[in-house]
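Participant: The structure that follows is given in the form of structure tokens.
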Amino acid sequence: MRLLLGLGLASFLFSPSLRAQPDRDTLDSFEKVWQTVQSRYWQPTHLDRLANGQSWRQIHDAYRAKVEHAADNSEARRLMSEMLGLLGQSHFAIISGQLEDDLAPSSFGDGTAGIEPVLVGSAVLVMRVEPQSGAAQALVKPGWEILRIGGTDVPALAQRLLEKDPSVKQRNLLLRWGVLGRLSGPSGTTVRVEFVDGAGQKVIKQVPLKDPPGTRVRFGFMPPTPLTFRVARPRPDIQYVRFNIFLDPPGLMGKFEDAVKTCTGGKSCRGFIIDLRGNPGGLAILASGMAGFFIDQPDTKLGTLYQREVTLKLVVNPRVDTFSGPLAVLVDGASVSTSEIMAGGLQDLKRARIFGSRTAGAALPSNVERLPNGDLFQYAVANYISEGGQTLEGRGVIPDQEVGVSRAALLAGQDPVLEAAINWIGAQPRP
Amino acid sequence: MRNLALSLLLAVTPATLLAADTPTAEAILDRYVEVTGGKAAYEGLKTEMTTGIMEMKAQGIKGKMSGFRNAQNFSYNVVEIDGVGKIEEGFHEGIAWEKSAMGGPRVKTGEEKAFYMREAILARDARWRDVYSKAELSGDETIDGVVCFKLVLTPKEGTRTETQYFEKATGFRKRISMVMSTQMGDLPVESTLGEYKDFGGFKAPSKVSTKMAGQELSVTISTMEFNKEIPASRFVPPADVKAIAAKLKAAPAK
């Protein structure tokens, strides 16, 4: 239970393989994927009739035949992904083993541009430029619109996504990963990016790709992922933390505890801000672990996980010293999974006020296992219901205060979401 | 009269047959003590130290584990897992506790505490009469092709029964199943034991495979050492656990 994953990241790592013709291992992998869903899906009645009108059993025969006749393993993998898509839930994915083995170093982390993108309307903007990154070196500024990365027309990419299925709630997230994937590659190389700057002029930059900041961490079969943790004081009496993923408990929780400790024990701190924007999740139990720094009542929980056989409560363990002042959590459409569990749980408990835009609505805890053909299979094992009785899957966390991001604000160096949280904390009565 | 005779027959026959074919639950538990080391050896135990490897193969998760118990029935267990960190738990002077980087420190109460108190008892197999108020034989069951006696044990502390299975042929314990009370909720747990080995004069399973909430976890015991000195400090809970225990003690009961 401690080890259930809530990682949304893996849903977006699909990559074609170079092997030809589906082999025995791939057919065995198909059977394992189908059987795992059949035996582990938390609500068996859902499998009786899926969105296409067929049952999961009927789907087996149809897709087994397709996979057997697939031209190669790449097509077989695509078919398996398509089959999983019929479940209509997040956190079901086939991840190419080759991606993990060969491509992950270059596409994940060896080199990144240091640009945090955001979808505003139909435009993809630079929301944040990481200090000391290649983008900072190339003098890229927040608010610039991204037109082209290498050979990819970014507005067209965004448009295709929006037109493909306007109901896709996770388009911001998908787009973010699509853009980030194109802004990464071997460290020491560059990527050509076309922008529209603040003056409306087209600007072309060769953005250096550098090793991302932070430490590389991994959990189980998940590819190595850089973990970054930022702590700042946007006002002298307000503590702010931002981290990019819920992994590496010893490292992450140690830093988080240090950040909270600067606000407990009578130290001057009017409020605390946790920035979960762009955070894809990770280990679900870390959400309740972190909540323990802000909740002093025993037997409090962030929500409940409903598996087929058991029901598991995400219980918060109050720390010895907790911070009892105003707590703000910042979210956006790329806040996924454990980020949503944390934000939604604290919101339901009325312990935090949530700022930003609606989260991705992909909040199912999942496992990642290796398949016989070497690929990785991510599958959800439970439904998550927040303490207030909300199913976050497909719905997301709706902020208490919705704050949009505009190009003008970004160009002016402002962060409206952060500013809203700071203003709210400032308006709260002093203890 | 005939009905009475039939009733009498039905009432008596199973018990008679049972007595003739199978030992009592008490005899099965005592036999386990004998085949794994003998009562005298268990009574001579002062400490126990265990090391092993814990693994969730399907998820690629692996860690080192160590366990310690002493004659005061204090315990300390620790697992260090790559990518997860240290998970510690123990029982000391009435405090059952757990601490991990993920969830932080906490003190266990109620049924969960009762379970860890039982687990902390040194030589608890030999002292089963102190641990359980009732032991009942509930028939036979075949596990992995091995015919076993099925026993239902009711602990003195706590209310949850445990079902244990002992191999008919060898007397070794084959499986333990129970509904475990945890902070997250009640979890059905099933542990299958195998590959008994001699560890310093005691025979113990070197492989334990546990199924819990759809996950499978395997433990391979590397070493078991007995009566080696363990510093008393090993069992003392961390300062934050003690602070939480003090806070809970001071808090008015709800």
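Identifiers in this document derive from the order of the structure tokens: chains are assigned A, B, ..., residues are numbered from 1 separately in each chain, and ligands are numbered from 1 in order of occurrence.
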Applying 12 Å and only C-alpha atoms, which residues near Ala213 of chain B remain after dropping the ones on its own chain fewer than 5 positions away? List them as a PDB file with all heavy atoms, in the first residue's frame.

Facilitator:
ATOM      1  N   MET A   1       0.818  -1.195   0.000  1.00  0.00           N
ATOM      2  CA  MET A   1       0.000   0.000   0.000  1.00  0.00           C
ATOM      3  C   MET A   1       0.849   1.241   0.000  1.00  0.00           C
ATOM      4  O   MET A   1       0.518   2.235  -0.571  1.00  0.00           O
ATOM      5  CB  MET A   1      -0.869   0.038   1.226  1.00  0.00           C
ATOM      6  CG  MET A   1      -2.025  -0.843   1.097  1.00  0.00           C
ATOM      7  SD  MET A   1      -1.667  -2.406   0.337  1.00  0.00           S
ATOM      8  CE  MET A   1      -0.460  -3.054   1.381  1.00  0.00           C
ATOM      9  N   ARG A   2       1.962   1.105   0.706  1.00  0.00           N
ATOM     10  CA  ARG A   2       2.871   2.242   0.676  1.00  0.00           C
ATOM     11  C   ARG A   2       3.383   2.445  -0.735  1.00  0.00           C
ATOM     12  O   ARG A   2       3.891   3.495  -1.053  1.00  0.00           O
ATOM     13  CB  ARG A   2       4.068   1.975   1.563  1.00  0.00           C
ATOM     14  CG  ARG A   2       3.723   1.811   3.003  1.00  0.00           C
ATOM     15  CD  ARG A   2       4.997   1.591   3.761  1.00  0.00           C
ATOM     16  NE  ARG A   2       4.727   1.420   5.143  1.00  0.00           N
ATOM     17  CZ  ARG A   2       4.766   0.240   5.759  1.00  0.00           C
ATOM     18  NH1 ARG A   2       5.067  -0.843   5.094  1.00  0.00           N
ATOM     19  NH2 ARG A   2       4.503   0.156   7.024  1.00  0.00           N
ATOM     20  N   LEU A   3       3.286   1.383  -1.515  1.00  0.00           N
ATOM     21  CA  LEU A   3       4.017   1.412  -2.772  1.00  0.00           C
ATOM     22  C   LEU A   3       3.129   1.635  -3.982  1.00  0.00           C
ATOM     23  O   LEU A   3       3.554   1.476  -5.096  1.00  0.00           O
ATOM     24  CB  LEU A   3       4.779   0.094  -2.901  1.00  0.00           C
ATOM     25  CG  LEU A   3       5.678  -0.156  -1.702  1.00  0.00           C
ATOM     26  CD1 LEU A   3       6.202  -1.565  -1.716  1.00  0.00           C
ATOM     27  CD2 LEU A   3       6.803   0.830  -1.640  1.00  0.00           C
ATOM     28  N   LEU A   4       1.914   1.997  -3.741  1.00  0.00           N
ATOM     29  CA  LEU A   4       1.069   2.283  -4.894  1.00  0.00           C
ATOM     30  C   LEU A   4       1.544   3.545  -5.573  1.00  0.00           C
ATOM     31  O   LEU A   4       1.814   4.539  -4.925  1.00  0.00           O
ATOM     32  CB  LEU A   4      -0.381   2.475  -4.449  1.00  0.00           C
ATOM     33  CG  LEU A   4      -1.082   1.229  -3.953  1.00  0.00           C
ATOM     34  CD1 LEU A   4      -2.455   1.598  -3.424  1.00  0.00           C
ATOM     35  CD2 LEU A   4      -1.223   0.233  -5.066  1.00  0.00           C
ATOM     36  N   ARG A  40      -7.751  -7.124 -11.990  1.00  0.00           N
ATOM     37  CA  ARG A  40      -7.421  -6.078 -11.015  1.00  0.00           C
ATOM     38  C   ARG A  40      -8.298  -4.835 -11.103  1.00  0.00           C
ATOM     39  O   ARG A  40      -8.277  -4.011 -10.184  1.00  0.00           O
ATOM     40  CB  ARG A  40      -5.948  -5.643 -11.190  1.00  0.00           C
ATOM     41  CG  ARG A  40      -4.913  -6.725 -10.965  1.00  0.00           C
ATOM     42  CD  ARG A  40      -4.847  -7.159  -9.517  1.00  0.00           C
ATOM     43  NE  ARG A  40      -4.556  -6.069  -8.605  1.00  0.00           N
ATOM     44  CZ  ARG A  40      -3.340  -5.616  -8.319  1.00  0.00           C
ATOM     45  NH1 ARG A  40      -2.299  -6.201  -8.868  1.00  0.00           N
ATOM     46  NH2 ARG A  40      -3.155  -4.616  -7.484  1.00  0.00           N
ATOM     47  N   TRP A  42     -10.802  -2.155 -10.542  1.00  0.00           N
ATOM     48  CA  TRP A  42     -11.455  -2.022  -9.238  1.00  0.00           C
ATOM     49  C   TRP A  42     -12.972  -2.166  -9.288  1.00  0.00           C
ATOM     50  O   TRP A  42     -13.591  -2.481  -8.307  1.00  0.00           O
ATOM     51  CB  TRP A  42     -11.081  -0.690  -8.586  1.00  0.00           C
ATOM     52  CG  TRP A  42     -11.462   0.506  -9.403  1.00  0.00           C
ATOM     53  CD1 TRP A  42     -12.602   1.226  -9.315  1.00  0.00           C
ATOM     54  CD2 TRP A  42     -10.695   1.102 -10.441  1.00  0.00           C
ATOM     55  NE1 TRP A  42     -12.600   2.228 -10.240  1.00  0.00           N
ATOM     56  CE2 TRP A  42     -11.430   2.178 -10.951  1.00  0.00           C
ATOM     57  CE3 TRP A  42      -9.440   0.835 -11.007  1.00  0.00           C
ATOM     58  CZ2 TRP A  42     -10.981   2.990 -11.985  1.00  0.00           C
ATOM     59  CZ3 TRP A  42      -8.990   1.632 -12.043  1.00  0.00           C
ATOM     60  CH2 TRP A  42      -9.748   2.698 -12.518  1.00  0.00           C
ATOM     61  N   LEU A 305      -8.906   5.151  -1.280  1.00  0.00           N
ATOM     62  CA  LEU A 305      -8.629   4.404  -2.504  1.00  0.00           C
ATOM     63  C   LEU A 305      -9.478   3.134  -2.490  1.00  0.00           C
ATOM     64  O   LEU A 305      -9.408   2.358  -1.541  1.00  0.00           O
ATOM     65  CB  LEU A 305      -7.149   4.021  -2.580  1.00  0.00           C
ATOM     66  CG  LEU A 305      -6.133   5.150  -2.413  1.00  0.00           C
ATOM     67  CD1 LEU A 305      -4.719   4.582  -2.369  1.00  0.00           C
ATOM     68  CD2 LEU A 305      -6.266   6.132  -3.561  1.00  0.00           C
ATOM     69  N   TYR A 306     -10.257   2.960  -3.535  1.00  0.00           N
ATOM     70  CA  TYR A 306     -11.119   1.777  -3.611  1.00  0.00           C
ATOM     71  C   TYR A 306     -10.531   0.786  -4.595  1.00  0.00           C
ATOM     72  O   TYR A 306     -10.579   0.992  -5.809  1.00  0.00           O
ATOM     73  CB  TYR A 306     -12.534   2.183  -4.033  1.00  0.00           C
ATOM     74  CG  TYR A 306     -13.252   2.969  -2.963  1.00  0.00           C
ATOM     75  CD1 TYR A 306     -13.154   4.357  -2.913  1.00  0.00           C
ATOM     76  CD2 TYR A 306     -13.993   2.325  -1.974  1.00  0.00           C
ATOM     77  CE1 TYR A 306     -13.782   5.085  -1.918  1.00  0.00           C
ATOM     78  CE2 TYR A 306     -14.624   3.043  -0.973  1.00  0.00           C
ATOM     79  CZ  TYR A 306     -14.519   4.423  -0.950  1.00  0.00           C
ATOM     80  OH  TYR A 306     -15.136   5.141   0.036  1.00  0.00           O
ATOM     81  N   GLN A 307      -9.963  -0.288  -4.056  1.00  0.00           N
ATOM     82  CA  GLN A 307      -9.489  -1.384  -4.897  1.00  0.00           C
ATOM     83  C   GLN A 307     -10.583  -2.427  -4.986  1.00  0.00           C
ATOM     84  O   GLN A 307     -11.611  -2.332  -4.316  1.00  0.00           O
ATOM     85  CB  GLN A 307      -8.233  -2.010  -4.283  1.00  0.00           C
ATOM     86  CG  GLN A 307      -6.994  -1.172  -4.451  1.00  0.00           C
ATOM     87  CD  GLN A 307      -5.758  -1.921  -3.992  1.00  0.00           C
ATOM     88  OE1 GLN A 307      -5.198  -1.615  -2.963  1.00  0.00           O
ATOM     89  NE2 GLN A 307      -5.342  -2.913  -4.755  1.00  0.00           N
ATOM     90  N   ARG A 308     -10.345  -3.447  -5.819  1.00  0.00           N
ATOM     91  CA  ARG A 308     -11.380  -4.470  -5.968  1.00  0.00           C
ATOM     92  C   ARG A 308     -11.602  -5.194  -4.631  1.00  0.00           C
ATOM     93  O   ARG A 308     -12.727  -5.425  -4.227  1.00  0.00           O
ATOM     94  CB  ARG A 308     -10.970  -5.478  -7.036  1.00  0.00           C
ATOM     95  CG  ARG A 308     -12.072  -6.477  -7.324  1.00  0.00           C
ATOM     96  CD  ARG A 308     -11.684  -7.438  -8.410  1.00  0.00           C
ATOM     97  NE  ARG A 308     -11.698  -6.827  -9.721  1.00  0.00           N
ATOM     98  CZ  ARG A 308     -11.769  -7.518 -10.857  1.00  0.00           C
ATOM     99  NH1 ARG A 308     -11.844  -8.827 -10.824  1.00  0.00           N
ATOM    100  NH2 ARG A 308     -11.743  -6.914 -12.021  1.00  0.00           N
ATOM    101  N   GLU A 309     -10.511  -5.524  -3.949  1.00  0.00           N
ATOM    102  CA  GLU A 309     -10.666  -6.331  -2.737  1.00  0.00           C
ATOM    103  C   GLU A 309     -10.719  -5.507  -1.465  1.00  0.00           C
ATOM    104  O   GLU A 309     -11.305  -5.935  -0.479  1.00  0.00           O
ATOM    105  CB  GLU A 309      -9.492  -7.321  -2.591  1.00  0.00           C
ATOM    106  CG  GLU A 309      -9.172  -8.170  -3.805  1.00  0.00           C
ATOM    107  CD  GLU A 309      -8.162  -7.522  -4.740  1.00  0.00           C
ATOM    108  OE1 GLU A 309      -7.789  -6.364  -4.500  1.00  0.00           O
ATOM    109  OE2 GLU A 309      -7.760  -8.164  -5.721  1.00  0.00           O
ATOM    110  N   VAL A 310     -10.070  -4.383  -1.469  1.00  0.00           N
ATOM    111  CA  VAL A 310      -9.942  -3.637  -0.206  1.00  0.00           C
ATOM    112  C   VAL A 310     -10.162  -2.146  -0.415  1.00  0.00           C
ATOM    113  O   VAL A 310     -10.097  -1.635  -1.534  1.00  0.00           O
ATOM    114  CB  VAL A 310      -8.536  -3.837   0.430  1.00  0.00           C
ATOM    115  CG1 VAL A 310      -8.331  -5.252   0.889  1.00  0.00           C
ATOM    116  CG2 VAL A 310      -7.442  -3.410  -0.509  1.00  0.00           C
ATOM    117  N   THR A 311     -10.396  -1.498   0.699  1.00  0.00           N
ATOM    118  CA  THR A 311     -10.544  -0.048   0.715  1.00  0.00           C
ATOM    119  C   THR A 311      -9.423   0.510   1.586  1.00  0.00           C
ATOM    120  O   THR A 311      -9.234   0.055   2.707  1.00  0.00           O
ATOM    121  CB  THR A 311     -11.912   0.326   1.318  1.00  0.00           C
ATOM    122  OG1 THR A 311     -12.917  -0.249   0.497  1.00  0.00           O
ATOM    123  CG2 THR A 311     -12.106   1.818   1.391  1.00  0.00           C
ATOM    124  N   LEU A 312      -8.680   1.453   1.027  1.00  0.00           N
ATOM    125  CA  LEU A 312      -7.518   1.973   1.751  1.00  0.00           C
ATOM    126  C   LEU A 312      -7.681   3.469   2.000  1.00  0.00           C
ATOM    127  O   LEU A 312      -7.978   4.224   1.080  1.00  0.00           O
ATOM    128  CB  LEU A 312      -6.242   1.741   0.930  1.00  0.00           C
ATOM    129  CG  LEU A 312      -5.931   0.291   0.576  1.00  0.00           C
ATOM    130  CD1 LEU A 312      -4.758   0.232  -0.389  1.00  0.00           C
ATOM    131  CD2 LEU A 312      -5.627  -0.505   1.820  1.00  0.00           C
ATOM    132  N   VAL A 381      -5.006   0.727 -10.245  1.00  0.00           N
ATOM    133  CA  VAL A 381      -5.462  -0.366  -9.378  1.00  0.00           C
ATOM    134  C   VAL A 381      -6.581   0.063  -8.444  1.00  0.00           C
ATOM    135  O   VAL A 381      -7.092  -0.737  -7.678  1.00  0.00           O
ATOM    136  CB  VAL A 381      -4.296  -0.938  -8.538  1.00  0.00           C
ATOM    137  CG1 VAL A 381      -3.301  -1.658  -9.416  1.00  0.00           C
ATOM    138  CG2 VAL A 381      -3.612   0.160  -7.727  1.00  0.00           C
ATOM    139  N   ALA A 382      -6.927   1.313  -8.473  1.00  0.00           N
ATOM    140  CA  ALA A 382      -7.943   1.773  -7.521  1.00  0.00           C
ATOM    141  C   ALA A 382      -8.588   3.044  -8.039  1.00  0.00           C
ATOM    142  O   ALA A 382      -8.024   3.759  -8.855  1.00  0.00           O
ATOM    143  CB  ALA A 382      -7.295   2.042  -6.165  1.00  0.00           C
TER     144      ALA A 382
ATOM    145  N   VAL B 179      -6.885 -11.155   8.568  1.00  0.00           N
ATOM    146  CA  VAL B 179      -7.236  -9.802   8.168  1.00  0.00           C
ATOM    147  C   VAL B 179      -6.469  -8.884   9.112  1.00  0.00           C
ATOM    148  O   VAL B 179      -6.673  -8.901  10.323  1.00  0.00           O
ATOM    149  CB  VAL B 179      -8.747  -9.548   8.264  1.00  0.00           C
ATOM    150  CG1 VAL B 179      -9.056  -8.091   7.955  1.00  0.00           C
ATOM    151  CG2 VAL B 179      -9.489 -10.457   7.301  1.00  0.00           C
ATOM    152  N   MET B 180      -5.564  -8.153   8.538  1.00  0.00           N
ATOM    153  CA  MET B 180      -4.679  -7.322   9.340  1.00  0.00           C
ATOM    154  C   MET B 180      -5.267  -5.919   9.486  1.00  0.00           C
ATOM    155  O   MET B 180      -5.702  -5.320   8.500  1.00  0.00           O
ATOM    156  CB  MET B 180      -3.329  -7.224   8.624  1.00  0.00           C
ATOM    157  CG  MET B 180      -2.168  -7.068   9.527  1.00  0.00           C
ATOM    158  SD  MET B 180      -0.697  -7.354   8.531  1.00  0.00           S
ATOM    159  CE  MET B 180       0.417  -6.318   9.417  1.00  0.00           C
ATOM    160  N   THR B 182      -4.713  -2.226   9.735  1.00  0.00           N
ATOM    161  CA  THR B 182      -3.661  -1.252   9.483  1.00  0.00           C
ATOM    162  C   THR B 182      -4.257   0.156   9.550  1.00  0.00           C
ATOM    163  O   THR B 182      -5.480   0.312   9.574  1.00  0.00           O
ATOM    164  CB  THR B 182      -3.021  -1.433   8.087  1.00  0.00           C
ATOM    165  OG1 THR B 182      -3.914  -0.897   7.106  1.00  0.00           O
ATOM    166  CG2 THR B 182      -2.746  -2.888   7.776  1.00  0.00           C
ATOM    167  N   MET B 184      -4.412   2.160   7.205  1.00  0.00           N
ATOM    168  CA  MET B 184      -5.135   2.426   5.963  1.00  0.00           C
ATOM    169  C   MET B 184      -6.453   1.667   5.886  1.00  0.00           C
ATOM    170  O   MET B 184      -7.277   1.936   5.024  1.00  0.00           O
ATOM    171  CB  MET B 184      -4.266   2.072   4.763  1.00  0.00           C
ATOM    172  CG  MET B 184      -2.986   2.873   4.684  1.00  0.00           C
ATOM    173  SD  MET B 184      -2.014   2.473   3.218  1.00  0.00           S
ATOM    174  CE  MET B 184      -2.759   3.561   2.007  1.00  0.00           C
ATOM    175  N   GLY B 185      -6.632   0.687   6.765  1.00  0.00           N
ATOM    176  CA  GLY B 185      -7.855  -0.107   6.748  1.00  0.00           C
ATOM    177  C   GLY B 185      -7.540  -1.576   6.967  1.00  0.00           C
ATOM    178  O   GLY B 185      -6.384  -1.954   7.161  1.00  0.00           O
ATOM    179  N   ASP B 186      -8.567  -2.393   6.928  1.00  0.00           N
ATOM    180  CA  ASP B 186      -8.387  -3.831   7.128  1.00  0.00           C
ATOM    181  C   ASP B 186      -7.918  -4.478   5.838  1.00  0.00           C
ATOM    182  O   ASP B 186      -8.543  -4.296   4.787  1.00  0.00           O
ATOM    183  CB  ASP B 186      -9.703  -4.463   7.568  1.00  0.00           C
ATOM    184  CG  ASP B 186     -10.070  -4.046   8.986  1.00  0.00           C
ATOM    185  OD1 ASP B 186      -9.168  -3.572   9.710  1.00  0.00           O
ATOM    186  OD2 ASP B 186     -11.244  -4.183   9.359  1.00  0.00           O
ATOM    187  N   LEU B 187      -6.848  -5.250   5.937  1.00  0.00           N
ATOM    188  CA  LEU B 187      -6.280  -5.876   4.747  1.00  0.00           C
ATOM    189  C   LEU B 187      -6.194  -7.383   4.921  1.00  0.00           C
ATOM    190  O   LEU B 187      -5.552  -7.851   5.862  1.00  0.00           O
ATOM    191  CB  LEU B 187      -4.857  -5.377   4.498  1.00  0.00           C
ATOM    192  CG  LEU B 187      -4.650  -3.910   4.216  1.00  0.00           C
ATOM    193  CD1 LEU B 187      -3.174  -3.642   4.018  1.00  0.00           C
ATOM    194  CD2 LEU B 187      -5.417  -3.535   2.962  1.00  0.00           C
ATOM    195  N   PRO B 188      -6.787  -8.136   4.034  1.00  0.00           N
ATOM    196  CA  PRO B 188      -6.549  -9.584   4.057  1.00  0.00           C
ATOM    197  C   PRO B 188      -5.094  -9.851   3.639  1.00  0.00           C
ATOM    198  O   PRO B 188      -4.633  -9.312   2.634  1.00  0.00           O
ATOM    199  CB  PRO B 188      -7.526 -10.136   3.013  1.00  0.00           C
ATOM    200  CG  PRO B 188      -8.473  -9.016   2.720  1.00  0.00           C
ATOM    201  CD  PRO B 188      -7.734  -7.744   2.979  1.00  0.00           C
ATOM    202  N   VAL B 189      -4.403 -10.623   4.449  1.00  0.00           N
ATOM    203  CA  VAL B 189      -2.989 -10.913   4.188  1.00  0.00           C
ATOM    204  C   VAL B 189      -2.791 -12.417   4.213  1.00  0.00           C
ATOM    205  O   VAL B 189      -3.312 -13.096   5.105  1.00  0.00           O
ATOM    206  CB  VAL B 189      -2.082 -10.262   5.267  1.00  0.00           C
ATOM    207  CG1 VAL B 189      -0.623 -10.596   5.014  1.00  0.00           C
ATOM    208  CG2 VAL B 189      -2.278  -8.764   5.302  1.00  0.00           C
ATOM    209  N   GLU B 190      -2.040 -12.915   3.245  1.00  0.00           N
ATOM    210  CA  GLU B 190      -1.759 -14.347   3.208  1.00  0.00           C
ATOM    211  C   GLU B 190      -0.269 -14.547   2.960  1.00  0.00           C
ATOM    212  O   GLU B 190       0.256 -14.110   1.944  1.00  0.00           O
ATOM    213  CB  GLU B 190      -2.563 -14.994   2.074  1.00  0.00           C
ATOM    214  CG  GLU B 190      -2.395 -16.492   1.990  1.00  0.00           C
ATOM    215  CD  GLU B 190      -3.164 -17.038   0.797  1.00  0.00           C
ATOM    216  OE1 GLU B 190      -4.361 -17.312   0.955  1.00  0.00           O
ATOM    217  OE2 GLU B 190      -2.553 -17.186  -0.281  1.00  0.00           O
TER     218      GLU B 190
END

Participant: Need the shell around segment 105-119 of chain B: protein/DNA/RNA residues with any atom at most 9 Å away, counting only C-alpha atoms. Skip same-chain ones fewer than 4 positions apart. Format as a JSON list (two decimals) with C-alpha atoms, in the first residue's frame?

Facilitator:
[["chain", "number", "residue", "atom", "x", "y", "z"],
["A", 317, "ASN", "CA", 0.03, 11.44, 10.40],
["A", 318, "PRO", "CA", 0.31, 14.75, 12.26],
["A", 319, "ARG", "CA", 3.92, 15.76, 12.84],
["A", 320, "VAL", "CA", 5.26, 16.83, 16.20],
["B", 73, "ASN", "CA", 9.65, -8.47, 24.13],
["B", 74, "PHE", "CA", 10.86, -5.30, 22.51],
["B", 75, "SER", "CA", 11.22, -5.34, 18.76],
["B", 90, "GLY", "CA", 9.04, -1.32, 16.64],
["B", 91, "PHE", "CA", 7.55, -2.08, 19.99],
["B", 94, "GLY", "CA", 4.10, -0.18, 25.54],
["B", 95, "ILE", "CA", 4.61, 1.93, 22.42],
["B", 96, "ALA", "CA", 4.02, 0.34, 19.02],
["B", 97, "TRP", "CA", 5.37, 2.70, 16.40],
["B", 98, "GLU", "CA", 6.31, 3.22, 12.77],
["B", 99, "LYS", "CA", 8.38, 5.80, 10.96],
["B", 100, "SER", "CA", 9.08, 6.28, 7.28],
["B", 101, "ALA", "CA", 10.28, 9.06, 5.05],
["B", 124, "ARG", "CA", 6.23, -16.60, 20.61],
["B", 131, "VAL", "CA", -0.41, -15.37, 23.12],
["B", 155, "PRO", "CA", -5.33, -13.94, 20.32],
["B", 157, "GLU", "CA", -4.98, -9.21, 22.96],
["B", 158, "GLY", "CA", -7.15, -8.00, 20.10],
["B", 159, "THR", "CA", -10.12, -9.62, 18.44],
["B", 160, "ARG", "CA", -8.89, -10.76, 15.01],
["B", 180, "MET", "CA", -4.68, -7.32, 9.34],
["B", 181, "SER", "CA", -5.74, -4.09, 10.92],
["B", 182, "THR", "CA", -3.66, -1.25, 9.48],
["B", 183, "GLN", "CA", -3.85, 2.51, 9.56],
["B", 238, "PRO", "CA", 13.14, 7.91, 17.65],
["B", 240, "ASP", "CA", 9.75, 12.32, 17.23],
["B", 241, "VAL", "CA", 7.90, 9.08, 17.85],
["B", 242, "LYS", "CA", 8.33, 9.53, 21.60],
["B", 244, "ILE", "CA", 3.97, 11.96, 19.44],
["B", 245, "ALA", "CA", 3.37, 9.22, 21.99],
["B", 248, "LEU", "CA", -1.30, 11.28, 22.48]]

Participant: If you run DSSP on the backbone here, which positions in segment 20-98 of chain B get strand (DSSP E or B)? Please write them as a ChimeraX atom specification.

Facilitator: /B:47-56,61-70,75-81,85-92,95-98

Participant: Taking only C-alpha atoms into account, which of A:Ala62, A:Ile285, A:Val120, A:Ala408 comes nearest Gly104 of chain B?

Facilitator: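 For Gly104 of chain B, the nearest of the given residues is A:Ile285.
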
Participant: Find the residues around Gly85 of chain B up to 10 Å (only C-alpha atoms counted), leave out those fewer than 6 positions away in its own chain, and share them as number ranges by chain.

Facilitator: A: 248-251; B: 63, 79, 100-102
